[in-house]
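**Student:** So here's upload02.csv (CSV, C-alpha atoms and all ligand atoms).
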```csv
chain,number,residue,atom,x,y,z
A,1,MET,CA,5.9,16.9,30.2
A,2,LEU,CA,4.3,13.9,28.6
A,3,GLN,CA,6.3,12.4,25.8
A,4,LYS,CA,4.5,11.2,22.6
A,5,THR,CA,4.8,7.4,22.6
A,6,GLN,CA,6.2,6.2,19.3
A,7,PRO,CA,4.1,3.3,17.9
A,8,GLN,CA,6.2,0.2,17.4
A,9,ILE,CA,6.1,-0.7,13.7
A,10,ARG,CA,6.3,-4.4,13.1
A,11,ARG,CA,7.4,-6.1,9.8
A,12,ASN,CA,5.7,-9.0,8.2
A,13,ALA,CA,2.8,-8.9,10.7
A,14,ARG,CA,-0.7,-7.7,11.1
A,15,GLN,CA,-1.1,-4.7,13.3
A,16,VAL,CA,-4.0,-2.5,14.5
A,17,MET,CA,-3.3,1.2,14.0
A,18,ASP,CA,-4.2,4.2,11.9
A,19,GLY,CA,-2.5,3.8,8.5
A,20,LEU,CA,-1.7,7.5,8.4
A,21,ASP,CA,0.2,7.2,11.8
A,22,LEU,CA,2.0,4.2,10.3
A,23,LEU,CA,3.1,6.0,7.2
A,24,ARG,CA,4.3,9.0,9.3
A,25,GLU,CA,6.6,6.7,11.2
A,26,LEU,CA,8.2,5.3,8.1
A,27,GLY,CA,11.5,6.7,6.7
A,28,THR,CA,11.6,8.9,3.6
A,29,ARG,CA,12.1,6.7,0.4
A,30,CYS,CA,12.0,3.4,2.3
A,31,ALA,CA,9.3,1.7,0.3
A,32,SER,CA,9.7,0.0,-3.1
A,33,ALA,CA,5.9,-0.3,-3.6
A,34,VAL,CA,2.7,0.9,-1.8
A,35,PHE,CA,-0.8,-0.5,-2.2
A,36,LEU,CA,-3.7,1.7,-1.2
A,37,ASP,CA,-7.2,0.4,-1.1
A,38,PRO,CA,-9.1,3.1,0.8
A,39,GLN,CA,-12.5,2.5,2.4
A,40,TYR,CA,-14.6,5.3,0.9
A,41,ARG,CA,-18.3,5.3,0.3
A,42,GLN,CA,-18.8,8.4,-1.9
A,43,GLY,CA,-19.8,6.1,-4.7
A,44,LEU,CA,-22.5,4.4,-2.7
A,45,ASP,CA,-23.8,7.8,-1.4
A,46,ALA,CA,-23.8,9.5,-4.8
A,47,LEU,CA,-25.5,6.6,-6.6
A,48,ASP,CA,-27.9,6.0,-3.7
A,49,TYR,CA,-28.1,2.3,-4.1
A,50,GLY,CA,-29.8,1.9,-0.8
A,51,ASN,CA,-27.8,-1.2,-0.2
A,52,GLU,CA,-27.3,-0.9,3.5
A,53,GLY,CA,-29.3,-4.1,4.1
A,54,GLU,CA,-28.1,-7.2,5.8
A,55,ARG,CA,-26.1,-8.4,2.8
A,56,GLN,CA,-23.9,-5.2,2.9
A,57,SER,CA,-23.6,-4.9,6.6
A,58,GLY,CA,-20.0,-6.1,6.7
A,59,ARG,CA,-19.0,-3.3,4.4
A,60,ALA,CA,-21.1,-0.6,6.0
A,61,GLU,CA,-19.4,-1.3,9.4
A,62,LEU,CA,-15.9,-0.8,8.1
A,63,PRO,CA,-14.2,2.5,9.1
A,64,GLN,CA,-14.8,5.0,6.3
A,65,MET,CA,-12.4,7.5,4.8
A,66,ASN,CA,-13.2,10.9,3.2
A,67,ASP,CA,-11.4,12.6,0.3
A,68,ALA,CA,-9.2,14.7,2.7
A,69,GLN,CA,-8.1,11.6,4.7
A,70,ILE,CA,-7.2,9.7,1.5
A,71,ALA,CA,-5.3,12.8,0.2
A,72,ALA,CA,-3.3,12.9,3.4
A,73,PHE,CA,-2.4,9.2,3.0
A,74,ILE,CA,-1.1,9.9,-0.5
A,75,VAL,CA,1.0,12.8,0.6
A,76,GLU,CA,2.8,10.5,3.0
A,77,ILE,CA,3.0,7.7,0.4
A,78,GLN,CA,4.7,10.1,-2.0
A,79,ARG,CA,7.3,10.7,0.7
A,80,VAL,CA,7.9,7.1,1.7
A,81,LEU,CA,8.2,5.8,-1.9
A,82,ARG,CA,11.7,5.4,-3.4
A,83,SER,CA,12.5,7.2,-6.6
A,84,SER,CA,10.7,5.6,-9.6
A,85,ALA,CA,8.7,3.3,-7.2
A,86,HIS,CA,5.0,2.6,-7.6
A,87,LEU,CA,1.7,3.3,-5.8
A,88,PHE,CA,-1.0,0.8,-6.7
A,89,LEU,CA,-4.3,2.6,-6.0
A,90,TRP,CA,-7.6,0.6,-6.1
A,91,VAL,CA,-10.6,2.6,-7.2
A,92,ASP,CA,-14.2,1.6,-7.7
A,93,LYS,CA,-16.3,2.4,-10.7
A,94,TYR,CA,-17.7,5.7,-9.3
A,95,ALA,CA,-14.2,7.0,-8.4
A,96,LEU,CA,-13.1,6.1,-11.9
A,97,VAL,CA,-15.9,7.7,-13.9
A,98,SER,CA,-16.2,10.8,-11.6
A,99,ALA,CA,-12.4,11.2,-11.6
A,100,SER,CA,-12.7,11.7,-7.9
A,101,TRP,CA,-9.5,9.8,-7.3
A,102,GLN,CA,-7.7,12.7,-9.0
A,103,ARG,CA,-8.7,15.0,-6.1
A,104,TRP,CA,-6.7,12.7,-3.9
A,105,MET,CA,-3.5,13.4,-5.8
A,106,PRO,CA,-1.1,16.1,-4.4
A,107,GLU,CA,-1.2,19.2,-6.5
A,108,ILE,CA,2.6,19.3,-6.7
A,109,GLY,CA,5.0,16.5,-6.4
A,110,PRO,CA,6.6,13.7,-8.3
A,111,LEU,CA,3.6,11.2,-8.6
A,112,SER,CA,2.3,10.5,-12.1
A,113,PRO,CA,-0.6,8.2,-13.0
A,114,LEU,CA,0.7,6.0,-15.8
A,115,ASP,CA,-1.3,2.9,-16.3
A,116,ALA,CA,-4.3,0.9,-15.0
A,117,PHE,CA,-5.5,-2.7,-14.4
A,118,ILE,CA,-9.0,-3.9,-14.6
A,119,TRP,CA,-9.9,-6.7,-12.3
A,120,ASP,CA,-12.8,-8.9,-13.4
A,121,LYS,CA,-14.1,-10.2,-10.2
A,122,GLU,CA,-16.1,-13.0,-11.9
A,123,ARG,CA,-18.9,-11.9,-9.6
A,124,ILE,CA,-21.9,-9.7,-10.4
A,125,GLY,CA,-22.5,-6.8,-7.9
A,126,MET,CA,-25.0,-4.0,-7.7
A,127,GLY,CA,-25.7,-1.2,-10.2
A,128,ARG,CA,-28.7,1.0,-11.2
A,129,ARG,CA,-27.6,0.7,-14.8
A,130,SER,CA,-25.1,-2.0,-15.6
A,131,ARG,CA,-24.2,-4.6,-13.1
A,132,SER,CA,-20.8,-4.1,-11.6
A,133,ARG,CA,-18.2,-6.8,-12.1
A,134,PHE,CA,-14.9,-4.9,-12.1
A,135,GLU,CA,-12.7,-2.9,-10.0
A,136,ALA,CA,-9.8,-0.8,-11.3
A,137,MET,CA,-6.3,-0.1,-10.1
A,138,ILE,CA,-4.5,3.0,-11.1
A,139,VAL,CA,-0.7,2.6,-11.4
A,140,ILE,CA,1.1,5.7,-10.2
A,141,GLN,CA,4.9,6.1,-10.3
A,142,LYS,CA,7.0,8.4,-8.3
A,143,GLY,CA,9.4,10.3,-10.5
A,144,PRO,CA,11.6,10.0,-12.3
A,145,ARG,CA,9.3,8.1,-14.6
A,146,ARG,CA,11.0,5.0,-15.9
A,147,ALA,CA,9.9,1.5,-17.1
A,148,GLU,CA,13.3,0.2,-18.1
A,149,GLY,CA,14.8,-1.8,-15.3
A,150,ILE,CA,11.9,-1.0,-13.0
A,151,TRP,CA,8.9,-2.7,-14.6
A,152,LYS,CA,10.3,-6.2,-15.0
A,153,ASN,CA,7.3,-8.1,-16.4
A,154,ARG,CA,6.0,-6.6,-19.6
A,155,SER,CA,3.8,-9.6,-20.3
A,156,LEU,CA,1.4,-8.8,-17.4
A,157,PRO,CA,-2.0,-8.3,-19.1
A,158,ASP,CA,-4.0,-5.2,-17.9
A,159,VAL,CA,-7.2,-7.2,-17.5
A,160,VAL,CA,-7.1,-9.8,-14.7
A,161,ARG,CA,-9.9,-12.3,-14.2
A,162,ALA,CA,-9.8,-13.9,-10.8
A,163,LYS,CA,-12.1,-14.7,-7.8
A,164,ALA,CA,-11.0,-13.3,-4.4
A,165,ASN,CA,-11.5,-15.1,-1.1
A,166,ARG,CA,-14.1,-12.8,0.5
A,167,THR,CA,-14.1,-14.8,3.7
A,168,ARG,CA,-10.8,-13.0,4.4
A,169,HIS,CA,-12.4,-9.6,4.0
A,170,PRO,CA,-15.4,-8.1,2.1
A,171,HIS,CA,-13.0,-6.2,-0.2
A,172,ALA,CA,-10.3,-8.9,-0.5
A,173,LYS,CA,-8.2,-8.8,-3.7
A,174,PRO,CA,-6.8,-11.8,-5.6
A,175,ILE,CA,-3.5,-12.6,-4.1
A,176,PRO,CA,-1.7,-14.1,-7.2
A,177,PHE,CA,-2.3,-10.8,-8.9
A,178,LEU,CA,-0.9,-8.9,-6.0
A,179,GLN,CA,2.1,-11.2,-6.0
A,180,SER,CA,2.7,-10.6,-9.8
A,181,LEU,CA,2.7,-6.9,-9.3
A,182,ILE,CA,5.0,-7.1,-6.3
A,183,GLU,CA,7.5,-9.3,-8.2
A,184,CYS,CA,7.2,-7.0,-11.2
A,185,VAL,CA,8.5,-3.9,-9.4
A,186,THR,CA,10.4,-5.0,-6.4
A,187,GLU,CA,13.3,-7.2,-5.4
A,188,PRO,CA,13.5,-9.8,-2.6
A,189,GLY,CA,13.8,-8.1,0.8
A,190,ASP,CA,12.4,-4.8,-0.5
A,191,ILE,CA,9.7,-3.1,1.6
A,192,VAL,CA,6.1,-3.2,0.4
A,193,VAL,CA,3.6,-1.1,2.4
A,194,ASP,CA,-0.2,-1.5,2.7
A,195,PRO,CA,-1.6,1.0,5.2
A,196,CYS,CA,-5.3,-0.1,4.9
A,197,ALA,CA,-4.6,-3.8,4.7
A,198,GLY,CA,-8.1,-5.3,5.3
A,199,GLY,CA,-7.6,-9.1,4.9
A,200,TYR,CA,-3.8,-8.8,4.5
A,201,GLY,CA,-3.6,-10.2,1.0
A,202,VAL,CA,-0.5,-8.0,0.4
A,203,LEU,CA,1.1,-9.6,3.5
A,204,ASP,CA,0.6,-13.1,2.1
A,205,ALA,CA,1.8,-12.0,-1.4
A,206,CYS,CA,4.9,-10.6,0.3
A,207,LYS,CA,5.5,-13.8,2.2
A,208,ALA,CA,5.2,-15.8,-1.0
A,209,SER,CA,7.7,-13.6,-2.8
A,210,SER,CA,10.2,-13.0,0.1
A,211,ARG,CA,9.5,-9.2,0.3
A,212,THR,CA,9.2,-7.3,3.5
A,213,PHE,CA,5.6,-6.3,4.4
A,214,ILE,CA,4.7,-3.2,6.5
A,215,GLY,CA,1.0,-2.6,7.0
A,216,CYS,CA,-1.9,-2.2,9.3
A,217,ASP,CA,-5.7,-1.7,9.5
A,218,LEU,CA,-7.8,0.3,12.0
A,219,ILE,CA,-9.6,-3.0,13.0
B,1,LIG,C1,-11.2,-1.6,0.9
B,1,LIG,S1,-10.6,-2.3,2.4
B,1,LIG,C2,-9.1,-3.0,2.1
B,1,LIG,C3,-9.2,-4.4,1.6
B,1,LIG,C4,-7.8,-5.0,1.3
B,1,LIG,N1,-7.2,-4.4,0.2
B,1,LIG,C5,-7.9,-6.5,1.1
B,1,LIG,O1,-7.4,-7.1,0.1
B,1,LIG,O2,-8.5,-7.2,2.0
B,1,LIG,C6,-10.2,-0.8,3.3
B,1,LIG,C7,-9.8,-1.0,4.7
B,1,LIG,O3,-9.3,0.2,5.2
B,1,LIG,C8,-9.5,0.2,6.6
B,1,LIG,N2,-9.4,1.6,7.1
B,1,LIG,C9,-10.2,2.6,7.1
B,1,LIG,N3,-9.7,3.7,7.6
B,1,LIG,C10,-8.4,3.4,8.0
B,1,LIG,C11,-7.3,4.1,8.6
B,1,LIG,N4,-7.4,5.4,8.9
B,1,LIG,N5,-6.2,3.4,8.8
B,1,LIG,C12,-6.0,2.1,8.4
B,1,LIG,N6,-7.0,1.4,7.9
B,1,LIG,C13,-8.2,2.0,7.6
B,1,LIG,C14,-10.9,-0.4,6.8
B,1,LIG,O4,-11.0,-1.0,8.1
B,1,LIG,C15,-10.8,-1.5,5.7
B,1,LIG,O5,-10.5,-2.8,6.2
```
Can I see the file as structure tokens?
Ligand SMILES: C[S@@+](CC[C@H](N)C(=O)[O-])C[C@H]1O[C@@H](n2cnc3c(N)ncnc32)[C@H](O)[C@@H]1O
**Tutor:**
Amino acid sequence: MLQKTQPQIRRNARQVMDGLDLLRELGTRCASAVFLDPQYRQGLDALDYGNEGERQSGRAELPQMNDAQIAAFIVEIQRVLRSSAHLFLWVDKYALVSASWQRWMPEIGPLSPLDAFIWDKERIGMGRRSRSRFEAMIVIQKGPRRAEGIWKNRSLPDVVRAKANRTRHPHAKPIPFLQSLIECVTEPGDIVVDPCAGGYGVLDACKASSRTFIGCDLI
């Protein structure tokens, strides 16, 4: 009988694999923080920007995820997070206003959305009404909910203004901000997971802060 081959999970390295397979290989409660920046396009479809021209081709070619796939990721993230550890979930404007990100959350379980950051990209994007300049990050904690002794930097403002290096990836995020969050909720050596790593900004933030990165991307 054919044996299922176990993927070899590497630390502090880029690797090409499905993020859900990676999460399923990780031990329960091994991660001190998880970043999830899913590639979904419901917003673009719903708002019908018609922006699939040349300028957006890099984005349109990225592997897309639907609600069910993202929800399956979050079920596994809930399992791999340690008690009181955080999931940092990036959402775009449409996911925020339509609350579609709430459909990704497990109906039962210890995850609680508690806080949010707004990232001012210092760059004007598209929009049929206002022009889009921000992305949001929902801060979700696995129970038991605690800030004392877990959230170490209370002076982090919830609005961040920074340019990202988009030559790394069309959806790259600002690495100093990622590093601040990592240092806020984890200790040196702790495991930080990013199963849809894109340009691997979280890997670089982990290197800069001596945390252990585990992550991948489909491409
Ligand atoms: C929004 S981007 C992430 C950008 C990243 N946060 C950065 O700073 O560069 C989403 C990424 O998810 C990847 N992706 C889509 N489906 C995936 C899957 N099933 N497993 C792993 N990665 C996936 C896409 O290839 C894309 O690079």
**Student:** One decimal, Å: what's the distance from atom CA of Asp120 of chain A over to atom CA of Pro195 of chain A, could you say?
**Tutor:**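 So the answer is 23.9 Å.
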**Student:** Neighbours of Ala172 of chain A within 10 Å (all atoms listed in the file; same-chain residues fewer than 2 positions away dropped), as a tab-separated table (two decimals) with C-alpha atoms, in the frame of the given file?
**Tutor:**
```tsv
chain	number	residue	atom	x	y	z
A	37	ASP	CA	-7.20	0.40	-1.10
A	163	LYS	CA	-12.10	-14.70	-7.80
A	164	ALA	CA	-11.00	-13.30	-4.40
A	165	ASN	CA	-11.50	-15.10	-1.10
A	166	ARG	CA	-14.10	-12.80	0.50
A	167	THR	CA	-14.10	-14.80	3.70
A	168	ARG	CA	-10.80	-13.00	4.40
A	169	HIS	CA	-12.40	-9.60	4.00
A	170	PRO	CA	-15.40	-8.10	2.10
A	174	PRO	CA	-6.80	-11.80	-5.60
A	175	ILE	CA	-3.50	-12.60	-4.10
A	197	ALA	CA	-4.60	-3.80	4.70
A	198	GLY	CA	-8.10	-5.30	5.30
A	199	GLY	CA	-7.60	-9.10	4.90
A	200	TYR	CA	-3.80	-8.80	4.50
A	201	GLY	CA	-3.60	-10.20	1.00
A	202	VAL	CA	-0.50	-8.00	0.40
```
**Student:** Could you work out how far atom CA of Ala136 of chain A lies from atom C3 of ligand LIG 1 (chain B), giving the answer in Å with one decimal?
**Tutor:**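 Computing the Euclidean distance for atom C3 of ligand LIG 1 (chain B) and atom CA of Ala136 of chain A yields 13.4 Å.
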**Student:** Could you check which of A:Leu218, A:Val160, A:Val97, A:Ala72 is closest to ligand LIG 1 (chain B), using only C-alpha atoms and all ligand atoms?
**Tutor:**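 Using only C-alpha atoms and all ligand atoms, ligand LIG 1 (chain B) sits closest to A:Leu218.
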**Student:** One number please: atom CA of Tyr94 of chain A to atom CA of Ala116 of chain A, in Å, one decimal.
**Tutor:**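 Computing it gives 15.3 Å between the two atoms.
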**Student:** Using all atoms listed in the file for the distances, tell me which of A:Arg146, A:Arg79, A:Arg10, A:Arg103 is nearest to Arg24 of chain A.
**Tutor:**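 Distance minimum relative to Arg24 of chain A lands on A:Arg79.
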**Student:** Given all atoms listed in the file as the basis, pick out the residue of A:Leu156, A:Met65, A:Cys206, A:Met126 nearest to ligand LIG 1 (chain B).
**Tutor:**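 Closest to ligand LIG 1 (chain B) of all the choices is A:Met65.
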**Student:** Just need the box for ligand LIG 1 (chain B), edges along x, y and z, holding every atom the file lists for it with 8 Å tacked onto each side, so centre and edge lengths in Å to one decimal, as JSON.
**Tutor:**
```
{"center_x": -8.6, "center_y": -0.9, "center_z": 4.5, "size_x": 21.2, "size_y": 28.6, "size_z": 24.8}
```
**Student:** Hey, which of A:Arg161, A:His86, A:Arg29, A:Arg41 ends up closest to ligand LIG 1 (chain B)? Count all atoms listed in the file.
**Tutor:**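 Looking at the shortest contact to ligand LIG 1 (chain B), the residue is A:Arg41.
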**Student:** Find, counting only C-alpha atoms, the residue in A:Glu122, A:Leu87, A:Ala13, A:Gln39 that gets nearest to Thr212 of chain A.
**Tutor:** A:Ala13
**Student:** Which neighbours of Ile191 of chain A fall inside 12 Å, counting only C-alpha atoms, when residues of the same chain fewer than 3 positions from it are skipped, and could you give them as a VMD selection string?
**Tutor:** chain A and resid 11 to 12 26 to 27 29 to 35 80 to 82 85 to 86 182 to 183 185 to 188 194 202 to 203 206 to 207 209 to 215
**Student:** Go ahead and save the picked residues with C-alpha atoms, as a CSV table (one decimal), in the coordinates of the input.
**Tutor:**
```csv
chain,number,residue,atom,x,y,z
A,11,ARG,CA,7.4,-6.1,9.8
A,12,ASN,CA,5.7,-9.0,8.2
A,26,LEU,CA,8.2,5.3,8.1
A,27,GLY,CA,11.5,6.7,6.7
A,29,ARG,CA,12.1,6.7,0.4
A,30,CYS,CA,12.0,3.4,2.3
A,31,ALA,CA,9.3,1.7,0.3
A,32,SER,CA,9.7,0.0,-3.1
A,33,ALA,CA,5.9,-0.3,-3.6
A,34,VAL,CA,2.7,0.9,-1.8
A,35,PHE,CA,-0.8,-0.5,-2.2
A,80,VAL,CA,7.9,7.1,1.7
A,81,LEU,CA,8.2,5.8,-1.9
A,82,ARG,CA,11.7,5.4,-3.4
A,85,ALA,CA,8.7,3.3,-7.2
A,86,HIS,CA,5.0,2.6,-7.6
A,182,ILE,CA,5.0,-7.1,-6.3
A,183,GLU,CA,7.5,-9.3,-8.2
A,185,VAL,CA,8.5,-3.9,-9.4
A,186,THR,CA,10.4,-5.0,-6.4
A,187,GLU,CA,13.3,-7.2,-5.4
A,188,PRO,CA,13.5,-9.8,-2.6
A,194,ASP,CA,-0.2,-1.5,2.7
A,202,VAL,CA,-0.5,-8.0,0.4
A,203,LEU,CA,1.1,-9.6,3.5
A,206,CYS,CA,4.9,-10.6,0.3
A,207,LYS,CA,5.5,-13.8,2.2
A,209,SER,CA,7.7,-13.6,-2.8
A,210,SER,CA,10.2,-13.0,0.1
A,211,ARG,CA,9.5,-9.2,0.3
A,212,THR,CA,9.2,-7.3,3.5
A,213,PHE,CA,5.6,-6.3,4.4
A,214,ILE,CA,4.7,-3.2,6.5
A,215,GLY,CA,1.0,-2.6,7.0
```
**Student:** Of the candidates A:Ile219, A:Ile124, A:Val193, A:Val139, which one gets nearest to Glu76 of chain A if we count only C-alpha atoms?
**Tutor:**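 Of all the options, A:Val193 lies closest to Glu76 of chain A.
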